[in-house]
>>> print(open('final_13.cif').read())   # mmCIF, C-alpha atoms
data_final
loop_
_atom_site.label_atom_id
_atom_site.label_comp_id
_atom_site.auth_asym_id
_atom_site.auth_seq_id
_atom_site.Cartn_x
_atom_site.Cartn_y
_atom_site.Cartn_z
CA MET A 47 15.48 23.32 4.00
CA GLU A 48 12.06 24.10 5.51
CA LYS A 49 8.68 23.25 4.04
CA VAL A 50 10.15 21.42 1.05
CA GLY A 51 9.61 17.68 0.95
CA LEU A 52 11.52 15.06 -0.99
CA VAL A 53 9.31 12.26 -2.38
CA LEU A 54 10.98 9.08 -3.69
CA GLN A 55 9.14 6.54 -5.83
CA GLY A 56 10.05 2.84 -5.90
CA GLY A 57 10.55 0.71 -8.98
CA GLY A 58 12.75 -2.24 -8.09
CA MET A 59 16.12 -2.11 -9.83
CA ARG A 60 14.99 1.04 -11.63
CA GLY A 61 15.53 2.66 -8.26
CA VAL A 62 19.22 2.89 -9.21
CA TYR A 63 18.12 6.00 -11.14
CA THR A 64 17.25 7.55 -7.77
CA SER A 65 20.69 6.50 -6.48
CA GLY A 66 22.22 8.68 -9.18
CA VAL A 67 19.92 11.59 -8.31
CA LEU A 68 20.68 11.43 -4.59
CA ASP A 69 24.41 10.96 -5.11
CA PHE A 70 24.44 14.25 -7.01
CA PHE A 71 22.45 15.89 -4.21
CA MET A 72 24.98 14.61 -1.67
CA GLU A 73 27.85 15.84 -3.82
CA LYS A 74 26.30 19.30 -3.63
CA ASP A 75 25.47 18.90 0.07
CA LEU A 76 21.78 19.32 -0.73
CA TYR A 77 19.54 17.82 1.93
CA PHE A 78 15.85 18.26 2.73
CA SER A 79 14.16 18.55 6.10
CA TYR A 80 11.58 15.91 5.09
CA THR A 81 11.90 12.76 2.99
CA ILE A 82 9.14 10.24 2.31
CA ALA A 83 9.94 7.14 0.31
CA VAL A 84 8.56 3.86 -1.01
CA SER A 85 10.17 0.48 -1.70
CA ALA A 86 13.43 0.96 -3.66
CA GLY A 87 13.06 4.66 -2.91
CA ALA A 88 13.11 3.79 0.79
CA CYS A 89 16.38 1.88 0.33
CA ASN A 90 17.87 4.93 -1.34
CA ALA A 91 16.45 7.22 1.34
CA ILE A 92 18.37 5.31 4.03
CA ALA A 93 21.67 5.80 2.20
CA TYR A 94 20.81 9.49 1.69
CA THR A 95 19.96 9.95 5.39
CA ALA A 96 23.24 8.23 6.28
CA LYS A 97 25.01 10.64 3.89
CA GLN A 98 26.76 7.70 2.25
CA ARG A 99 27.32 8.74 -1.34
CA GLY A 100 27.67 5.76 -3.67
CA LEU A 101 26.16 3.20 -1.31
CA GLY A 102 22.99 2.64 -3.33
CA LYS A 103 24.95 2.02 -6.51
CA LYS A 104 27.43 -0.20 -4.68
CA ILE A 105 24.68 -2.49 -3.37
CA CYS A 106 23.04 -2.70 -6.80
CA MET A 107 26.28 -3.45 -8.62
CA ASN A 108 28.02 -5.67 -6.05
CA TYR A 109 25.10 -7.64 -4.64
CA MET A 110 21.89 -7.37 -6.66
CA THR A 111 23.58 -8.67 -9.82
CA ASP A 112 24.37 -11.94 -8.04
CA THR A 113 21.99 -14.87 -8.69
CA ASN A 114 22.37 -15.80 -5.01
CA CYS A 115 20.88 -12.43 -4.06
CA MET A 116 18.10 -11.96 -6.60
CA GLY A 117 16.35 -14.12 -9.15
CA VAL A 118 14.42 -17.33 -9.77
CA LYS A 119 16.96 -19.39 -7.80
CA THR A 120 16.35 -17.27 -4.71
CA LEU A 121 12.60 -17.41 -5.22
CA LEU A 122 12.63 -21.22 -5.36
CA THR A 123 15.01 -21.74 -2.42
CA LYS A 124 14.03 -18.86 -0.12
CA GLY A 125 10.44 -18.17 -1.11
CA SER A 126 11.43 -14.64 -2.12
CA ILE A 127 12.86 -13.26 -5.35
CA ILE A 128 15.31 -11.24 -3.24
CA GLU A 129 17.52 -12.67 -0.50
CA MET A 130 15.96 -10.42 2.13
CA ASP A 131 18.25 -11.51 4.99
CA LEU A 132 21.29 -10.49 2.96
CA VAL A 133 19.90 -7.11 1.94
CA PHE A 134 18.24 -6.12 5.21
CA ASP A 135 20.41 -7.87 7.79
CA LYS A 136 23.83 -8.92 6.58
CA ILE A 137 24.60 -5.80 4.52
CA PRO A 138 23.51 -3.17 7.07
CA ASN A 139 24.28 -5.06 10.30
CA ARG A 140 26.90 -7.78 9.93
CA LEU A 141 28.89 -6.18 7.10
CA LYS A 142 28.28 -2.80 8.72
CA LEU A 143 27.95 -1.01 5.38
CA LEU A 144 25.35 1.38 6.76
CA ASP A 145 26.26 4.26 9.07
CA PHE A 146 23.57 3.97 11.74
CA ASP A 147 25.22 6.62 13.91
CA THR A 148 24.65 9.25 11.23
CA ILE A 149 21.11 8.03 10.56
CA ASN A 150 20.17 8.19 14.23
CA THR A 151 21.58 11.67 14.78
CA GLN A 152 19.96 13.36 11.77
CA ASP A 153 17.27 15.94 12.52
CA GLU A 154 15.71 15.55 9.09
CA LYS A 155 12.41 13.66 9.10
CA LEU A 156 12.36 10.35 7.23
CA ILE A 157 9.11 8.49 6.59
CA ILE A 158 8.88 5.01 5.09
CA THR A 159 5.65 3.97 3.36
CA ALA A 160 4.37 0.38 3.56
CA THR A 161 1.00 -1.33 3.08
CA ASP A 162 -0.99 -2.89 5.92
CA CYS A 163 -2.10 -6.32 4.69
CA CYS A 164 -5.20 -6.35 6.90
CA THR A 165 -6.59 -3.03 5.69
CA GLY A 166 -4.89 -2.62 2.32
CA ALA A 167 -4.15 0.96 3.39
CA PRO A 168 -0.81 2.75 3.56
CA ILE A 169 1.07 2.97 6.83
CA TYR A 170 3.69 5.67 7.36
CA ILE A 171 6.62 4.81 9.60
CA GLU A 172 8.68 7.71 10.92
CA LYS A 173 12.36 7.11 11.63
CA ASP A 174 12.42 8.94 14.94
CA LYS A 175 9.40 7.03 16.22
CA CYS A 176 10.70 3.62 15.19
CA GLU A 177 13.30 1.41 16.85
CA ASP A 178 13.93 -0.67 13.74
CA ILE A 179 13.90 1.47 10.61
CA ILE A 180 15.57 -1.27 8.53
CA THR A 181 12.62 -3.63 9.09
CA ALA A 182 10.34 -0.78 7.98
CA VAL A 183 12.37 -0.43 4.77
CA LYS A 184 12.24 -4.21 4.31
CA ALA A 185 8.44 -4.12 4.61
CA SER A 186 8.20 -1.24 2.16
CA SER A 187 10.33 -3.23 -0.31
CA SER A 188 8.45 -6.53 -0.03
CA VAL A 189 6.84 -7.02 -3.42
CA PRO A 190 3.52 -8.91 -3.39
CA PHE A 191 3.60 -12.49 -4.72
CA LEU A 192 7.41 -12.48 -4.97
CA THR A 193 8.39 -11.85 -1.34
CA LYS A 194 6.93 -12.72 2.03
CA THR A 195 4.95 -10.36 4.24
CA VAL A 196 6.95 -8.64 6.98
CA GLU A 197 5.87 -8.54 10.60
CA PHE A 198 6.30 -5.10 12.12
CA LYS A 199 4.80 -4.03 15.46
CA GLU A 200 2.14 -6.77 15.30
CA LEU A 201 1.22 -5.77 11.76
CA ASN A 202 1.81 -7.72 8.56
CA LEU A 203 3.15 -5.38 5.89
CA LEU A 204 4.00 -5.38 2.20
CA ASP A 205 5.27 -2.99 -0.46
CA GLY A 206 4.17 0.61 0.04
CA GLY A 207 3.81 0.87 -3.72
CA ILE A 208 0.57 -1.09 -3.51
CA SER A 209 -1.37 1.54 -1.59
CA ASP A 210 0.58 4.79 -2.02
CA PRO A 211 3.21 4.45 -4.78
CA ILE A 212 4.12 8.14 -4.83
CA PRO A 213 3.18 9.59 -1.42
CA ILE A 214 3.00 13.23 -2.48
CA LYS A 215 -0.32 13.83 -0.69
CA LYS A 216 1.10 12.62 2.61
CA SER A 217 4.00 15.04 2.24
CA ILE A 218 1.59 17.91 1.62
CA GLU A 219 -0.57 16.83 4.58
CA ASP A 220 2.56 16.98 6.74
CA GLY A 221 3.00 20.65 5.87
CA ASN A 222 5.36 20.71 2.90
CA ILE A 223 4.30 23.56 0.66
CA LYS A 224 6.65 22.46 -2.14
CA ASN A 225 8.01 19.04 -3.05
CA VAL A 226 10.83 17.61 -5.09
CA VAL A 227 9.58 14.34 -6.61
CA VAL A 228 11.99 11.73 -7.96
CA LEU A 229 10.32 9.25 -10.33
CA THR A 230 11.83 6.15 -11.87
CA SER A 231 9.73 5.92 -15.03
CA GLU A 232 9.90 8.15 -18.07
CA ASP A 233 7.22 10.72 -18.91
CA GLY A 234 4.04 9.21 -20.31
CA TYR A 235 4.29 5.91 -18.47
CA ASN A 236 1.00 4.51 -17.19
CA GLN A 237 0.76 1.42 -15.02
CA LYS A 238 -1.42 -1.35 -16.41
CA PRO A 239 -4.09 -3.20 -14.41
CA PHE A 240 -3.26 -6.43 -12.59
CA LYS A 241 -5.56 -8.93 -14.25
CA MET A 242 -5.03 -12.07 -12.16
CA LYS A 243 -7.52 -11.52 -9.37
CA TRP A 244 -7.72 -15.28 -8.90
CA LEU A 245 -4.01 -15.41 -8.04
CA ALA A 246 -4.28 -12.56 -5.54
CA ASN A 247 -7.20 -14.32 -3.83
CA LYS A 248 -5.28 -17.59 -3.77
CA ILE A 249 -2.08 -16.11 -2.32
CA TYR A 250 -3.81 -13.75 0.13
CA PRO A 251 -7.15 -15.40 1.02
CA GLN A 252 -7.15 -13.83 4.50
CA TYR A 253 -6.46 -10.30 3.19
CA LYS A 254 -9.48 -9.25 1.14
CA ASP A 255 -8.75 -5.53 1.49
CA LEU A 256 -5.16 -6.10 0.37
CA VAL A 257 -6.43 -7.85 -2.74
CA CYS A 258 -8.65 -4.85 -3.48
CA SER A 259 -5.66 -2.53 -3.15
CA ILE A 260 -3.60 -4.71 -5.48
CA LEU A 261 -6.38 -4.62 -8.08
CA GLU A 262 -6.65 -0.82 -7.72
CA CYS A 263 -2.89 -0.25 -7.63
CA HIS A 264 -2.63 0.86 -11.26
CA ARG A 265 -5.36 3.45 -10.78
CA THR A 266 -3.74 4.74 -7.59
CA HIS A 267 -0.42 5.07 -9.40
CA ASN A 268 -1.82 6.78 -12.48
CA ASP A 269 -3.95 9.18 -10.44
CA SER A 270 -0.87 10.14 -8.43
CA MET A 271 1.01 10.83 -11.66
CA ASP A 272 -1.81 13.06 -12.92
CA TYR A 273 -1.88 14.91 -9.60
CA ILE A 274 1.87 15.50 -9.70
CA LYS A 275 1.60 16.91 -13.22
CA GLU A 276 -0.99 19.43 -12.04
CA LEU A 277 1.20 20.44 -9.10
CA GLU A 278 4.15 20.78 -11.46
CA LYS A 279 2.16 23.14 -13.69
CA ASP A 280 1.36 25.24 -10.61
CA GLY A 281 5.02 25.38 -9.61
CA LYS A 282 4.44 23.37 -6.43
CA THR A 283 6.54 20.38 -7.38
CA PHE A 284 9.87 19.93 -9.10
CA VAL A 285 10.03 16.58 -10.88
CA ILE A 286 13.18 14.65 -11.70
CA ARG A 287 12.58 11.58 -13.85
CA PRO A 288 14.43 9.67 -16.60
CA SER A 289 14.90 11.98 -19.56
CA LYS A 290 14.81 8.99 -21.88
CA TYR A 291 13.78 5.35 -21.75
CA LEU A 292 16.50 2.91 -20.77
CA LYS A 293 15.57 -0.75 -20.68
CA LEU A 294 15.90 -2.09 -17.16
CA LYS A 295 13.43 -4.55 -15.69
CA THR A 296 12.21 -4.50 -12.10
CA PHE A 297 14.48 -7.42 -11.18
CA ASP A 298 17.20 -6.89 -13.80
CA ARG A 299 20.74 -8.06 -12.98
CA ASN A 300 22.48 -6.66 -16.08
CA SER A 301 25.33 -4.53 -14.72
CA LYS A 302 25.71 -2.43 -17.89
CA ARG A 303 22.03 -1.47 -17.86
CA ILE A 304 22.18 -0.74 -14.13
CA GLU A 305 25.24 1.48 -14.61
CA ALA A 306 23.57 3.30 -17.51
CA LEU A 307 20.42 4.12 -15.52
CA TYR A 308 22.45 5.26 -12.52
CA SER A 309 24.47 7.57 -14.79
CA LEU A 310 21.26 8.92 -16.32
CA GLY A 311 19.96 9.81 -12.86
CA TYR A 312 23.18 11.61 -12.02
CA GLU A 313 23.34 13.49 -15.35
CA ASP A 314 19.63 14.41 -15.40
CA THR A 315 20.02 15.95 -11.95
CA LYS A 316 23.22 17.73 -12.89
CA ASN A 317 21.49 19.22 -15.95
CA LYS A 318 18.50 20.40 -13.90
CA TYR A 319 20.41 21.52 -10.82
CA ASN A 320 20.49 25.27 -11.52
CA GLU A 321 16.80 25.17 -12.40
CA LEU A 322 16.15 23.34 -9.14
CA LEU A 323 18.07 25.90 -7.08
CA SER A 324 16.10 28.71 -8.72
CA TRP A 325 12.81 26.91 -7.99
CA LEU A 326 13.79 26.37 -4.36
CA LYS A 327 14.44 30.09 -3.89
CA HIS A 328 10.98 31.17 -5.08
#
>>> encode(input="final_13.cif", output="structure tokens")
Amino acid sequence: MEKVGLVLQGGGMRGVYTSGVLDFFMEKDLYFSYTIAVSAGACNAIAYTAKQRGLGKKICMNYMTDTNCMGVKTLLTKGSIIEMDLVFDKIPNRLKLLDFDTINTQDEKLIITATDCCTGAPIYIEKDKCEDIITAVKASSSVPFLTKTVEFKELNLLDGGISDPIPIKKSIEDGNIKNVVVLTSEDGYNQKPFKMKWLANKIYPQYKDLVCSILECHRTHNDSMDYIKELEKDGKTFVIRPSKYLKLKTFDRNSKRIEALYSLGYEDTKNKYNELLSWLKH
């Protein structure tokens, strides 16, 4: 599908909504020539590129609900709220749950968004120009304060959601006239400012520009949302987002709530599918 980009927002465990969306796409054999993703969206993008329907949900339900994988215990023992070695090494490599052969042979462009700690600016990592896409996804998913920075090609990286939480402008810059945008928050959501500048300076004293980006993150997010709404009015974007609010925290391990948000993503996409096909044709 030429000149149509797929943009995937993050959102921690709320990214299971995107798993439902992409599983429906895969069921219909709907793929895009360009995907750009952030954080949890990047994790889902890998499963989508691998054409492994159900993998995103499986990881959320079978692993992320475990206190040994995510939670305060992991934060205290590993220095990260998520057991990063399990998620980004054992699951894809040792357990071989990810189909790297399919990923590596896909012609579709996949771009992972992370944040450069030194500059506070977004960095865009393209699958076909990267020897270790999983480390790129790990960097994109590394939440500030709660996970460690990730070294990648002599750079120290963190969550792409800090600097470019919904990289719609990058997709447009790369030539996509239209974009399908998958969001993980309901309509009307606005991100609130991070008010603990002292903590950011204490944790990242060597990264002044990163601290600035963290403090501006809410404005970057909300401006992106406003921009997407304008594009939607002009018919240049097709937005899929939760049709109703379902309580699920960023690091929630409640399997019933996870299942409910996944199902909402699947059903919302199913209900909008004919409208999406019509939009794609025009």
>>> closest_residue(input="final_13.cif", among="A:Ile260, A:Val84, A:Thr64, A:Ser270", to="A:Lys215", atoms="all atoms listed in the file")
A:Ser270
>>> resolve_selection(input="final_13.cif", expression="the PyMOL selection byres ((chain A and resi 150-157) around 9)", output="PyMOL selection string")
chain A and resi 77-84+88+91-92+95-96+145-149+158-159+170-174
>>> closest_residue(input="final_13.cif", among="A:Ile214, A:Leu310, A:Ile304, A:Leu132", to="A:Asp272", atoms="all atoms listed in the file")
A:Ile214
>>> residues_around(input="final_13.cif", residues="stretch 119-129 of chain A", least_positions_apart="2", cutoff="12 Å", atoms="all atoms listed in the file", output="PyMOL selection string")
chain A and resi 58-59+109-117+131-137+184+187-196+296-299
>>> closest_residue(input="final_13.cif", among="A:Arg140, A:Lys216, A:Lys97, A:Lys290", to="A:Ser65", atoms="all atoms listed in the file")
A:Lys97
>>> residues_around(input="final_13.cif", residues="A:Asp255", least_positions_apart="6", cutoff="9 Å", atoms="all atoms listed in the file", output="JSON, numbers by chain")
{"A": [163, 164, 165, 166, 167]}
>>> residues_around(input="final_13.cif", residues="A:Gly102", least_positions_apart="2", cutoff="9 Å", atoms="only C-alpha atoms", output="PyMOL selection string")
chain A and resi 61-62+64-66+69+89-90+93-94+98-100+104-107
>>> closest_residue(input="final_13.cif", among="A:Met271, A:Leu203, A:Leu54, A:Leu101", to="A:Tyr253", atoms="all atoms listed in the file")
A:Leu203
>>> resolve_selection(input="final_13.cif", expression="the PyMOL selection byres ((chain A and resi 316) around 12)", output="list in words")
Gly66, Val67, Leu68, Asp69, Phe70, Phe71, Met72, Glu73, Lys74, Ile286, Ser309, Leu310, Gly311, Tyr312, Glu313, Asp314, Thr315, Asn317, Lys318, Tyr319, Asn320, Glu321, Leu322 and Leu323 of chain A
>>> residues_around(input="final_13.cif", residues="A:Phe284", least_positions_apart="6", cutoff="9 Å", atoms="only C-alpha atoms", output="compact mmCIF listing (two decimals) with C-alpha atoms, keeping the file's coordinate frame")
# COMPACT_ATOMS: atom_id res chain seq x y z
CA LYS A 224 6.65 22.46 -2.14
CA ASN A 225 8.01 19.04 -3.05
CA VAL A 226 10.83 17.61 -5.09
CA VAL A 227 9.58 14.34 -6.61
CA VAL A 228 11.99 11.73 -7.96
CA LEU A 277 1.20 20.44 -9.10
CA GLU A 278 4.15 20.78 -11.46
CA LEU A 322 16.15 23.34 -9.14
CA TRP A 325 12.81 26.91 -7.99
CA LEU A 326 13.79 26.37 -4.36
>>> atom_distance(input="final_13.cif", atom1="atom CA of A:Ala182", atom2="atom CA of A:Leu204")
9.7 Å
>>> atom_distance(input="final_13.cif", atom1="atom CA of A:Ala160", atom2="atom CA of A:Asp205")
5.3 Å
>>> atom_distance(input="final_13.cif", atom1="atom CA of A:Leu292", atom2="atom CA of A:Gln237")
16.8 Å
>>> closest_residue(input="final_13.cif", among="A:Met130, A:Val118, A:Arg287, A:Asn222", to="A:Gln55", atoms="only C-alpha atoms")
A:Arg287
>>> resolve_selection(input="final_13.cif", expression="the PyMOL selection byres ((chain A and resi 264) around 9)", output="PyMOL selection string")
chain A and resi 208+236-240+260-263+265-269
>>> closest_residue(input="final_13.cif", among="A:Lys248, A:Lys302, A:Lys142, A:His328", to="A:Thr283", atoms="only C-alpha atoms")
A:His328
